[in-house]
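Quick look at work15.txt (compact mmCIF, N, CA and C atoms):
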```txt
# COMPACT_ATOMS: atom_id res chain seq x y z
N MET A 206 14.01 0.85 -11.87
CA MET A 206 14.54 2.11 -11.41
C MET A 206 13.90 2.57 -10.10
N PHE A 207 12.67 2.13 -9.84
CA PHE A 207 11.98 2.54 -8.62
C PHE A 207 12.81 2.18 -7.39
N PHE A 208 13.50 1.06 -7.44
CA PHE A 208 14.26 0.58 -6.28
C PHE A 208 15.74 0.95 -6.32
N ASP A 209 16.17 1.79 -7.25
CA ASP A 209 17.58 2.14 -7.36
C ASP A 209 18.18 2.63 -6.04
N GLN A 210 17.48 3.46 -5.32
CA GLN A 210 18.00 4.03 -4.07
C GLN A 210 17.64 3.18 -2.85
N ASN A 211 16.78 2.18 -3.05
CA ASN A 211 16.30 1.37 -1.94
C ASN A 211 16.25 -0.11 -2.32
N ARG A 212 17.34 -0.62 -2.78
CA ARG A 212 17.39 -2.01 -3.27
C ARG A 212 16.98 -3.04 -2.22
N ASN A 213 17.25 -2.75 -0.96
CA ASN A 213 16.92 -3.70 0.10
C ASN A 213 15.41 -3.89 0.27
N ALA A 214 14.62 -2.97 -0.25
CA ALA A 214 13.16 -3.06 -0.14
C ALA A 214 12.54 -3.92 -1.24
N LEU A 215 13.30 -4.27 -2.26
CA LEU A 215 12.76 -5.04 -3.38
C LEU A 215 12.14 -6.37 -2.93
N PRO A 216 12.78 -7.17 -2.06
CA PRO A 216 12.13 -8.42 -1.63
C PRO A 216 10.79 -8.20 -0.93
N LEU A 217 10.67 -7.11 -0.16
CA LEU A 217 9.38 -6.77 0.45
C LEU A 217 8.32 -6.55 -0.62
N TYR A 218 8.69 -5.73 -1.62
CA TYR A 218 7.74 -5.45 -2.70
C TYR A 218 7.36 -6.74 -3.44
N GLU A 219 8.34 -7.54 -3.77
CA GLU A 219 8.05 -8.78 -4.52
C GLU A 219 7.10 -9.68 -3.76
N HIS A 220 7.27 -9.77 -2.46
CA HIS A 220 6.37 -10.59 -1.65
C HIS A 220 4.96 -10.00 -1.65
N LEU A 221 4.86 -8.68 -1.48
CA LEU A 221 3.55 -8.02 -1.50
C LEU A 221 2.88 -8.21 -2.85
N GLU A 222 3.62 -8.01 -3.93
CA GLU A 222 3.05 -8.18 -5.27
C GLU A 222 2.53 -9.61 -5.46
N THR A 223 3.30 -10.59 -5.05
CA THR A 223 2.87 -11.99 -5.16
C THR A 223 1.57 -12.22 -4.39
N CYS A 224 1.48 -11.69 -3.19
CA CYS A 224 0.26 -11.84 -2.39
C CYS A 224 -0.94 -11.18 -3.06
N ILE A 225 -0.75 -9.96 -3.56
CA ILE A 225 -1.85 -9.25 -4.21
C ILE A 225 -2.30 -9.99 -5.46
N LEU A 226 -1.36 -10.41 -6.29
CA LEU A 226 -1.73 -11.09 -7.54
C LEU A 226 -2.37 -12.45 -7.27
N SER A 227 -2.01 -13.11 -6.18
CA SER A 227 -2.60 -14.41 -5.89
C SER A 227 -3.97 -14.31 -5.23
N GLU A 228 -4.27 -13.17 -4.58
CA GLU A 228 -5.52 -13.04 -3.84
C GLU A 228 -6.55 -12.14 -4.49
N ILE A 229 -6.14 -11.35 -5.47
CA ILE A 229 -7.06 -10.42 -6.14
C ILE A 229 -6.94 -10.63 -7.64
N GLY A 230 -8.05 -10.85 -8.30
CA GLY A 230 -8.02 -11.12 -9.73
C GLY A 230 -7.94 -9.86 -10.58
N GLN A 231 -7.41 -10.03 -11.77
CA GLN A 231 -7.35 -8.98 -12.80
C GLN A 231 -6.76 -7.67 -12.29
N VAL A 232 -5.53 -7.74 -11.82
CA VAL A 232 -4.83 -6.57 -11.31
C VAL A 232 -3.84 -6.08 -12.37
N THR A 233 -3.82 -4.79 -12.57
CA THR A 233 -2.84 -4.14 -13.43
C THR A 233 -1.87 -3.38 -12.53
N ILE A 234 -0.60 -3.44 -12.86
CA ILE A 234 0.43 -2.76 -12.07
C ILE A 234 1.05 -1.66 -12.92
N LYS A 235 1.17 -0.48 -12.33
CA LYS A 235 1.76 0.65 -13.02
C LYS A 235 2.93 1.17 -12.19
N VAL A 236 4.13 1.13 -12.76
CA VAL A 236 5.33 1.61 -12.07
C VAL A 236 5.59 3.05 -12.50
N GLN A 237 5.70 3.92 -11.52
CA GLN A 237 6.00 5.32 -11.75
C GLN A 237 7.25 5.70 -10.99
N LYS A 238 7.65 6.93 -11.09
CA LYS A 238 8.88 7.37 -10.45
C LYS A 238 8.79 7.31 -8.92
N THR A 239 7.62 7.66 -8.35
CA THR A 239 7.50 7.74 -6.90
C THR A 239 6.63 6.66 -6.27
N GLN A 240 5.95 5.86 -7.08
CA GLN A 240 5.12 4.80 -6.51
C GLN A 240 4.84 3.71 -7.54
N ILE A 241 4.47 2.55 -7.01
CA ILE A 241 3.99 1.45 -7.84
C ILE A 241 2.54 1.24 -7.45
N SER A 242 1.63 1.34 -8.43
CA SER A 242 0.20 1.32 -8.16
C SER A 242 -0.44 0.03 -8.65
N PHE A 243 -1.44 -0.40 -7.92
CA PHE A 243 -2.23 -1.59 -8.25
C PHE A 243 -3.64 -1.14 -8.60
N TYR A 244 -4.09 -1.58 -9.77
CA TYR A 244 -5.39 -1.17 -10.28
C TYR A 244 -6.26 -2.38 -10.58
N ASN A 245 -7.56 -2.22 -10.40
CA ASN A 245 -8.54 -3.06 -11.06
C ASN A 245 -9.29 -2.07 -11.94
N ARG A 246 -10.47 -1.70 -11.60
CA ARG A 246 -11.14 -0.63 -12.35
C ARG A 246 -10.48 0.72 -12.06
N HIS A 247 -10.09 0.92 -10.81
CA HIS A 247 -9.41 2.12 -10.34
C HIS A 247 -8.22 1.69 -9.49
N MET A 248 -7.37 2.63 -9.14
CA MET A 248 -6.28 2.31 -8.23
C MET A 248 -6.85 1.96 -6.86
N PHE A 249 -6.39 0.85 -6.30
CA PHE A 249 -6.87 0.47 -4.97
C PHE A 249 -5.75 0.42 -3.94
N ALA A 250 -4.50 0.34 -4.39
CA ALA A 250 -3.37 0.32 -3.46
C ALA A 250 -2.12 0.75 -4.20
N CYS A 251 -1.13 1.16 -3.42
CA CYS A 251 0.17 1.48 -4.01
C CYS A 251 1.24 1.32 -2.94
N VAL A 252 2.47 1.27 -3.41
CA VAL A 252 3.62 1.26 -2.51
C VAL A 252 4.51 2.43 -2.88
N SER A 253 5.18 2.95 -1.86
CA SER A 253 6.07 4.10 -2.07
C SER A 253 7.07 4.14 -0.92
N PHE A 254 7.89 5.16 -0.95
CA PHE A 254 8.80 5.44 0.15
C PHE A 254 8.40 6.74 0.82
N ALA A 255 7.10 7.00 0.85
CA ALA A 255 6.58 8.23 1.45
C ALA A 255 7.00 8.31 2.91
N ARG A 256 7.17 9.52 3.38
CA ARG A 256 7.52 9.73 4.78
C ARG A 256 6.25 9.75 5.62
N VAL A 257 6.02 8.68 6.35
CA VAL A 257 4.88 8.64 7.26
C VAL A 257 5.36 8.64 8.71
N ARG A 258 6.68 8.56 8.87
CA ARG A 258 7.33 8.64 10.18
C ARG A 258 8.57 9.51 10.02
N LYS A 259 9.10 9.97 11.14
CA LYS A 259 10.37 10.69 11.08
C LYS A 259 11.44 9.75 10.56
N LYS A 260 12.40 10.30 9.85
CA LYS A 260 13.45 9.48 9.22
C LYS A 260 14.12 8.55 10.23
N LYS A 261 14.40 9.03 11.42
CA LYS A 261 15.07 8.20 12.43
C LYS A 261 14.20 7.03 12.88
N ASP A 262 12.88 7.11 12.65
CA ASP A 262 11.95 6.05 13.05
C ASP A 262 11.62 5.09 11.91
N CYS A 263 12.24 5.30 10.74
CA CYS A 263 12.01 4.42 9.59
C CYS A 263 13.07 3.33 9.55
N PRO A 264 12.65 2.06 9.63
CA PRO A 264 13.63 0.97 9.55
C PRO A 264 14.19 0.85 8.14
N ASP A 265 15.24 0.08 8.02
CA ASP A 265 15.82 -0.19 6.70
C ASP A 265 15.83 -1.70 6.52
N PRO A 266 15.16 -2.21 5.54
CA PRO A 266 14.38 -1.51 4.52
C PRO A 266 12.94 -1.27 4.99
N TYR A 267 12.22 -0.47 4.21
CA TYR A 267 10.80 -0.30 4.47
C TYR A 267 10.09 0.06 3.17
N LEU A 268 8.80 -0.14 3.18
CA LEU A 268 7.88 0.31 2.14
C LEU A 268 6.66 0.89 2.83
N VAL A 269 6.01 1.82 2.19
CA VAL A 269 4.73 2.31 2.68
C VAL A 269 3.67 1.76 1.74
N VAL A 270 2.73 1.03 2.33
CA VAL A 270 1.60 0.50 1.59
C VAL A 270 0.43 1.44 1.83
N THR A 271 -0.17 1.92 0.74
CA THR A 271 -1.28 2.85 0.81
C THR A 271 -2.49 2.22 0.17
N TYR A 272 -3.64 2.36 0.81
CA TYR A 272 -4.90 1.82 0.26
C TYR A 272 -6.04 2.74 0.69
N GLY A 273 -7.13 2.69 -0.06
CA GLY A 273 -8.29 3.53 0.23
C GLY A 273 -9.51 2.70 0.56
N LEU A 274 -10.25 3.15 1.58
CA LEU A 274 -11.47 2.47 2.02
C LEU A 274 -12.58 3.48 2.25
N GLY A 275 -13.78 2.98 2.39
CA GLY A 275 -14.93 3.80 2.71
C GLY A 275 -15.11 3.98 4.21
N ARG A 276 -14.13 3.55 4.97
CA ARG A 276 -14.17 3.68 6.43
C ARG A 276 -12.74 3.92 6.94
N LYS A 277 -12.67 4.44 8.13
CA LYS A 277 -11.37 4.67 8.75
C LYS A 277 -11.00 3.44 9.58
N VAL A 278 -9.84 2.87 9.30
CA VAL A 278 -9.35 1.72 10.06
C VAL A 278 -8.66 2.24 11.31
N GLY A 279 -9.12 1.79 12.46
CA GLY A 279 -8.51 2.18 13.73
C GLY A 279 -7.55 1.10 14.19
N SER A 280 -6.34 1.14 13.72
CA SER A 280 -5.34 0.14 14.08
C SER A 280 -4.02 0.83 14.35
N PRO A 281 -3.27 0.35 15.34
CA PRO A 281 -1.95 0.93 15.58
C PRO A 281 -0.98 0.69 14.43
N ARG A 282 -1.31 -0.23 13.53
CA ARG A 282 -0.45 -0.49 12.37
C ARG A 282 -0.54 0.63 11.34
N VAL A 283 -1.63 1.37 11.34
CA VAL A 283 -1.84 2.43 10.36
C VAL A 283 -1.11 3.68 10.86
N ASP A 284 -0.15 4.16 10.06
CA ASP A 284 0.65 5.32 10.46
C ASP A 284 -0.08 6.64 10.24
N VAL A 285 -0.76 6.77 9.10
CA VAL A 285 -1.44 8.01 8.75
C VAL A 285 -2.75 7.67 8.05
N VAL A 286 -3.82 8.40 8.39
CA VAL A 286 -5.10 8.28 7.69
C VAL A 286 -5.54 9.69 7.30
N THR A 287 -5.95 9.84 6.05
CA THR A 287 -6.51 11.11 5.59
C THR A 287 -7.87 10.84 4.96
N GLU A 288 -8.68 11.87 4.87
CA GLU A 288 -9.99 11.77 4.23
C GLU A 288 -10.03 12.79 3.09
N PRO A 289 -9.48 12.42 1.91
CA PRO A 289 -9.41 13.38 0.81
C PRO A 289 -10.77 13.74 0.22
N TYR A 290 -11.73 12.84 0.38
CA TYR A 290 -13.11 13.06 -0.06
C TYR A 290 -14.01 12.54 1.04
N PRO A 291 -15.22 13.07 1.15
CA PRO A 291 -16.11 12.55 2.19
C PRO A 291 -16.28 11.03 2.07
N ASN A 292 -16.10 10.35 3.18
CA ASN A 292 -16.25 8.90 3.29
C ASN A 292 -15.29 8.11 2.40
N ARG A 293 -14.15 8.68 2.09
CA ARG A 293 -13.06 7.98 1.40
C ARG A 293 -11.79 8.23 2.20
N PHE A 294 -11.30 7.17 2.81
CA PHE A 294 -10.16 7.30 3.71
C PHE A 294 -8.93 6.63 3.10
N THR A 295 -7.84 7.37 3.06
CA THR A 295 -6.57 6.87 2.56
C THR A 295 -5.71 6.50 3.76
N HIS A 296 -5.24 5.25 3.77
CA HIS A 296 -4.45 4.71 4.88
C HIS A 296 -3.03 4.44 4.42
N HIS A 297 -2.06 4.74 5.27
CA HIS A 297 -0.65 4.49 4.98
C HIS A 297 -0.08 3.60 6.08
N VAL A 298 0.46 2.46 5.67
CA VAL A 298 1.02 1.49 6.61
C VAL A 298 2.47 1.24 6.23
N LEU A 299 3.38 1.46 7.15
CA LEU A 299 4.79 1.21 6.92
C LEU A 299 5.07 -0.26 7.25
N ILE A 300 5.71 -0.96 6.31
CA ILE A 300 6.11 -2.35 6.55
C ILE A 300 7.62 -2.46 6.38
N SER A 301 8.22 -3.35 7.16
CA SER A 301 9.67 -3.53 7.07
C SER A 301 10.08 -5.00 7.05
N LYS A 302 9.09 -5.89 7.20
CA LYS A 302 9.36 -7.33 7.19
C LYS A 302 8.27 -8.03 6.39
N LYS A 303 8.64 -9.13 5.73
CA LYS A 303 7.65 -9.90 4.97
C LYS A 303 6.51 -10.37 5.85
N GLU A 304 6.81 -10.65 7.12
CA GLU A 304 5.78 -11.14 8.04
C GLU A 304 4.67 -10.10 8.27
N GLU A 305 4.96 -8.84 8.01
CA GLU A 305 3.94 -7.80 8.17
C GLU A 305 2.95 -7.78 7.01
N ILE A 306 3.25 -8.50 5.96
CA ILE A 306 2.31 -8.65 4.84
C ILE A 306 1.49 -9.89 5.19
N ASP A 307 0.59 -9.67 6.13
CA ASP A 307 -0.15 -10.77 6.73
C ASP A 307 -1.63 -10.72 6.37
N GLU A 308 -2.40 -11.58 7.00
CA GLU A 308 -3.83 -11.67 6.72
C GLU A 308 -4.55 -10.35 6.98
N GLU A 309 -4.16 -9.64 8.03
CA GLU A 309 -4.81 -8.37 8.34
C GLU A 309 -4.56 -7.34 7.23
N LEU A 310 -3.29 -7.14 6.86
CA LEU A 310 -2.96 -6.18 5.79
C LEU A 310 -3.61 -6.58 4.48
N MET A 311 -3.52 -7.86 4.14
CA MET A 311 -4.13 -8.31 2.88
C MET A 311 -5.65 -8.17 2.93
N GLY A 312 -6.25 -8.31 4.08
CA GLY A 312 -7.69 -8.08 4.21
C GLY A 312 -8.06 -6.65 3.88
N TRP A 313 -7.25 -5.70 4.37
CA TRP A 313 -7.51 -4.29 4.05
C TRP A 313 -7.31 -4.03 2.55
N ILE A 314 -6.28 -4.63 1.97
CA ILE A 314 -6.02 -4.42 0.54
C ILE A 314 -7.14 -5.04 -0.30
N LYS A 315 -7.61 -6.22 0.08
CA LYS A 315 -8.73 -6.84 -0.65
C LYS A 315 -9.99 -6.00 -0.51
N GLU A 316 -10.22 -5.47 0.68
CA GLU A 316 -11.37 -4.58 0.89
C GLU A 316 -11.23 -3.33 0.03
N ALA A 317 -10.02 -2.80 -0.07
CA ALA A 317 -9.77 -1.61 -0.91
C ALA A 317 -10.03 -1.92 -2.37
N SER A 318 -9.68 -3.12 -2.81
CA SER A 318 -9.95 -3.53 -4.18
C SER A 318 -11.45 -3.53 -4.45
N GLY A 319 -12.22 -4.11 -3.55
CA GLY A 319 -13.68 -4.11 -3.69
C GLY A 319 -14.26 -2.72 -3.65
N PHE A 320 -13.74 -1.88 -2.75
CA PHE A 320 -14.20 -0.50 -2.63
C PHE A 320 -13.94 0.27 -3.91
N SER A 321 -12.77 0.08 -4.51
CA SER A 321 -12.46 0.81 -5.74
C SER A 321 -13.34 0.36 -6.91
N GLN A 322 -13.75 -0.90 -6.90
CA GLN A 322 -14.63 -1.40 -7.96
C GLN A 322 -15.99 -0.69 -7.93
N LYS A 323 -16.40 -0.22 -6.76
CA LYS A 323 -17.70 0.42 -6.60
C LYS A 323 -17.69 1.91 -6.89
N LYS A 324 -16.49 2.50 -7.03
CA LYS A 324 -16.41 3.94 -7.31
C LYS A 324 -16.99 4.26 -8.67
N ARG A 325 -17.49 5.44 -8.77
CA ARG A 325 -18.02 5.89 -10.07
C ARG A 325 -16.98 6.56 -10.87
```
Target encoding structure tokens, full file:
Amino acid sequence: MFFDQNRNALPLYEHLETCILSEIGQVTIKVQKTQISFYNRHMFACVSFARVRKKKDCPDPYLVVTYGLGRKVGSPRVDVVTEPYPNRFTHHVLISKKEEIDEELMGWIKEASGFSQKKR
């Protein structure tokens, strides 16, 4: 049901899920109405259709990949960064092609997985 309104984004998600499951061990996936979350000890990443750009600037299809780190990533690929807690930065990256699920993005997601394991 998550993809009912955005069926074209399903192949993007499936590719991302395959990459995460192949590169990070013991991942639990939780599907909710507004996001699909990836957990180890804590949530370390999720996908959604959050608005991180103006609607006219959002390609079709797209997904927003969100992950949390203990540092702010300074990359033009990151659309929005917030600091909900001191030294905890939430990053939102809009992807629209499988090729964007690359070594750099997966590196951030793997780092987020390690960071979440260290949370209390």
Filtered DSSP result for stretch 237-300 of chain A, state strand (DSSP E), as a PyMOL selection string: chain A and resi 240-244+248-253+268-274+285-290+293-300
Set the distance at 12 Å and use only C-alpha atoms: which residues neighbour A:Arg212 once local chain neighbours fewer than 4 positions away are removed? I'd like the list as a PyMOL selection string. chain A and resi 206-208+216-219+254+265-268
Which residues come within 12 Å of A:Gly230, counting only C-alpha atoms, excluding same-chain residues fewer than 2 positions away, as a list in words? Thr223, Cys224, Ile225, Leu226, Ser227, Glu228, Val232, Thr233, Phe243, Tyr244, Asn245, Arg246, Lys315, Ser318, Gly319 and Gln322 of chain A
Take the selection from the previous step and output its residues with N, CA and C atoms, as a PDB file, in the coordinates of the input.
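again.pdb, written as the output of this step:
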```
ATOM      1  N   THR A 223       3.300 -10.590  -5.050  1.00  0.00           N
ATOM      2  CA  THR A 223       2.870 -11.990  -5.160  1.00  0.00           C
ATOM      3  C   THR A 223       1.570 -12.220  -4.390  1.00  0.00           C
ATOM      4  N   CYS A 224       1.480 -11.690  -3.190  1.00  0.00           N
ATOM      5  CA  CYS A 224       0.260 -11.840  -2.390  1.00  0.00           C
ATOM      6  C   CYS A 224      -0.940 -11.180  -3.060  1.00  0.00           C
ATOM      7  N   ILE A 225      -0.750  -9.960  -3.560  1.00  0.00           N
ATOM      8  CA  ILE A 225      -1.850  -9.250  -4.210  1.00  0.00           C
ATOM      9  C   ILE A 225      -2.300  -9.990  -5.460  1.00  0.00           C
ATOM     10  N   LEU A 226      -1.360 -10.410  -6.290  1.00  0.00           N
ATOM     11  CA  LEU A 226      -1.730 -11.090  -7.540  1.00  0.00           C
ATOM     12  C   LEU A 226      -2.370 -12.450  -7.270  1.00  0.00           C
ATOM     13  N   SER A 227      -2.010 -13.110  -6.180  1.00  0.00           N
ATOM     14  CA  SER A 227      -2.600 -14.410  -5.890  1.00  0.00           C
ATOM     15  C   SER A 227      -3.970 -14.310  -5.230  1.00  0.00           C
ATOM     16  N   GLU A 228      -4.270 -13.170  -4.580  1.00  0.00           N
ATOM     17  CA  GLU A 228      -5.520 -13.040  -3.840  1.00  0.00           C
ATOM     18  C   GLU A 228      -6.550 -12.140  -4.490  1.00  0.00           C
ATOM     19  N   VAL A 232      -5.530  -7.740 -11.820  1.00  0.00           N
ATOM     20  CA  VAL A 232      -4.830  -6.570 -11.310  1.00  0.00           C
ATOM     21  C   VAL A 232      -3.840  -6.080 -12.370  1.00  0.00           C
ATOM     22  N   THR A 233      -3.820  -4.790 -12.570  1.00  0.00           N
ATOM     23  CA  THR A 233      -2.840  -4.140 -13.430  1.00  0.00           C
ATOM     24  C   THR A 233      -1.870  -3.380 -12.530  1.00  0.00           C
ATOM     25  N   PHE A 243      -1.440  -0.400  -7.920  1.00  0.00           N
ATOM     26  CA  PHE A 243      -2.230  -1.590  -8.250  1.00  0.00           C
ATOM     27  C   PHE A 243      -3.640  -1.140  -8.600  1.00  0.00           C
ATOM     28  N   TYR A 244      -4.090  -1.580  -9.770  1.00  0.00           N
ATOM     29  CA  TYR A 244      -5.390  -1.170 -10.280  1.00  0.00           C
ATOM     30  C   TYR A 244      -6.260  -2.380 -10.580  1.00  0.00           C
ATOM     31  N   ASN A 245      -7.560  -2.220 -10.400  1.00  0.00           N
ATOM     32  CA  ASN A 245      -8.540  -3.060 -11.060  1.00  0.00           C
ATOM     33  C   ASN A 245      -9.290  -2.070 -11.940  1.00  0.00           C
ATOM     34  N   ARG A 246     -10.470  -1.700 -11.600  1.00  0.00           N
ATOM     35  CA  ARG A 246     -11.140  -0.630 -12.350  1.00  0.00           C
ATOM     36  C   ARG A 246     -10.480   0.720 -12.060  1.00  0.00           C
ATOM     37  N   LYS A 315      -7.610  -6.220   0.080  1.00  0.00           N
ATOM     38  CA  LYS A 315      -8.730  -6.840  -0.650  1.00  0.00           C
ATOM     39  C   LYS A 315      -9.990  -6.000  -0.510  1.00  0.00           C
ATOM     40  N   SER A 318      -9.680  -3.120  -2.810  1.00  0.00           N
ATOM     41  CA  SER A 318      -9.950  -3.530  -4.180  1.00  0.00           C
ATOM     42  C   SER A 318     -11.450  -3.530  -4.450  1.00  0.00           C
ATOM     43  N   GLY A 319     -12.220  -4.110  -3.550  1.00  0.00           N
ATOM     44  CA  GLY A 319     -13.680  -4.110  -3.690  1.00  0.00           C
ATOM     45  C   GLY A 319     -14.260  -2.720  -3.650  1.00  0.00           C
ATOM     46  N   GLN A 322     -13.750  -0.900  -6.900  1.00  0.00           N
ATOM     47  CA  GLN A 322     -14.630  -1.400  -7.960  1.00  0.00           C
ATOM     48  C   GLN A 322     -15.990  -0.690  -7.930  1.00  0.00           C
TER      49      GLN A 322
END
```
Can you tell me which residues surround A:Thr271 at a distance of at most 7 Å, considering all atoms listed in the file, apart from same-chain residues fewer than 4 positions away, and format the answer as a CSV table (one decimal) with N, CA and C atoms, keeping the file's coordinate frame?
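After the write, result.csv holds the following:
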```
chain,number,residue,atom,x,y,z
A,249,PHE,N,-6.4,0.8,-6.3
A,249,PHE,CA,-6.9,0.5,-5.0
A,249,PHE,C,-5.8,0.4,-3.9
A,250,ALA,N,-4.5,0.3,-4.4
A,250,ALA,CA,-3.4,0.3,-3.5
A,250,ALA,C,-2.1,0.8,-4.2
A,251,CYS,N,-1.1,1.2,-3.4
A,251,CYS,CA,0.2,1.5,-4.0
A,251,CYS,C,1.2,1.3,-2.9
A,252,VAL,N,2.5,1.3,-3.4
A,252,VAL,CA,3.6,1.3,-2.5
A,252,VAL,C,4.5,2.4,-2.9
A,253,SER,N,5.2,3.0,-1.9
A,253,SER,CA,6.1,4.1,-2.1
A,253,SER,C,7.1,4.1,-0.9
A,295,THR,N,-7.8,7.4,3.1
A,295,THR,CA,-6.6,6.9,2.6
A,295,THR,C,-5.7,6.5,3.8
A,296,HIS,N,-5.2,5.2,3.8
A,296,HIS,CA,-4.4,4.7,4.9
A,296,HIS,C,-3.0,4.4,4.4
A,297,HIS,N,-2.1,4.7,5.3
A,297,HIS,CA,-0.6,4.5,5.0
A,297,HIS,C,-0.1,3.6,6.1
A,298,VAL,N,0.5,2.5,5.7
A,298,VAL,CA,1.0,1.5,6.6
A,298,VAL,C,2.5,1.2,6.2
```
Between atom C of A:Glu304 and atom N of A:Lys277 - distance in Å to one decimal: 22.6 Å
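The coordinates place atom CA of A:Lys303 at 6.8 Å from atom CA of A:His220.
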Have a look at atom C of A:Ser321 and atom N of A:Pro281 and let me know their distance in Å, one decimal.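 Interatomic distance here is 24.4 Å.
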Place all heavy atoms on stretch 286-293 of chain A and deliver the coordinates as a short mmCIF file (atom, residue, chain, number, x, y, z; two decimals), in the frame of the given file.
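As a result, rebuild-v4.cif now contains:
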```
data_model
loop_
_atom_site.label_atom_id
_atom_site.label_comp_id
_atom_site.auth_asym_id
_atom_site.auth_seq_id
_atom_site.Cartn_x
_atom_site.Cartn_y
_atom_site.Cartn_z
N VAL A 286 -3.82 8.40 8.39
CA VAL A 286 -5.10 8.28 7.69
C VAL A 286 -5.54 9.69 7.30
O VAL A 286 -5.49 10.61 8.11
CB VAL A 286 -6.20 7.66 8.59
CG1 VAL A 286 -7.52 7.56 7.83
CG2 VAL A 286 -5.79 6.30 9.11
N THR A 287 -5.95 9.84 6.05
CA THR A 287 -6.51 11.11 5.59
C THR A 287 -7.87 10.84 4.96
O THR A 287 -8.16 9.71 4.57
CB THR A 287 -5.60 11.81 4.55
OG1 THR A 287 -5.43 10.94 3.43
CG2 THR A 287 -4.24 12.14 5.15
N GLU A 288 -8.68 11.87 4.87
CA GLU A 288 -9.99 11.77 4.23
C GLU A 288 -10.03 12.79 3.09
O GLU A 288 -10.55 13.89 3.24
CB GLU A 288 -11.11 12.02 5.24
CG GLU A 288 -12.50 11.75 4.69
CD GLU A 288 -13.60 11.97 5.72
OE1 GLU A 288 -13.34 12.55 6.79
OE2 GLU A 288 -14.73 11.57 5.43
N PRO A 289 -9.48 12.42 1.91
CA PRO A 289 -9.41 13.38 0.81
C PRO A 289 -10.77 13.74 0.22
O PRO A 289 -10.93 14.81 -0.36
CB PRO A 289 -8.53 12.67 -0.23
CG PRO A 289 -8.68 11.22 0.09
CD PRO A 289 -8.89 11.13 1.57
N TYR A 290 -11.73 12.84 0.38
CA TYR A 290 -13.11 13.06 -0.06
C TYR A 290 -14.01 12.54 1.04
O TYR A 290 -13.62 11.63 1.78
CB TYR A 290 -13.41 12.30 -1.36
CG TYR A 290 -12.51 12.65 -2.50
CD1 TYR A 290 -11.44 11.84 -2.84
CD2 TYR A 290 -12.72 13.81 -3.25
CE1 TYR A 290 -10.60 12.16 -3.89
CE2 TYR A 290 -11.88 14.15 -4.30
CZ TYR A 290 -10.83 13.32 -4.61
OH TYR A 290 -10.00 13.64 -5.65
N PRO A 291 -15.22 13.07 1.15
CA PRO A 291 -16.11 12.55 2.19
C PRO A 291 -16.28 11.03 2.07
O PRO A 291 -16.53 10.50 0.99
CB PRO A 291 -17.44 13.27 1.92
CG PRO A 291 -17.02 14.54 1.23
CD PRO A 291 -15.82 14.16 0.39
N ASN A 292 -16.10 10.35 3.18
CA ASN A 292 -16.25 8.90 3.29
C ASN A 292 -15.29 8.11 2.40
O ASN A 292 -15.59 6.98 2.01
CB ASN A 292 -17.70 8.48 3.01
CG ASN A 292 -18.64 9.12 4.00
OD1 ASN A 292 -18.39 9.10 5.21
ND2 ASN A 292 -19.71 9.72 3.51
N ARG A 293 -14.15 8.68 2.09
CA ARG A 293 -13.06 7.98 1.40
C ARG A 293 -11.79 8.23 2.20
O ARG A 293 -11.30 9.35 2.24
CB ARG A 293 -12.90 8.47 -0.04
CG ARG A 293 -14.05 8.06 -0.92
CD ARG A 293 -13.78 8.38 -2.36
NE ARG A 293 -14.94 8.03 -3.16
CZ ARG A 293 -15.03 8.19 -4.45
NH1 ARG A 293 -14.02 8.73 -5.11
NH2 ARG A 293 -16.11 7.84 -5.09
#
```
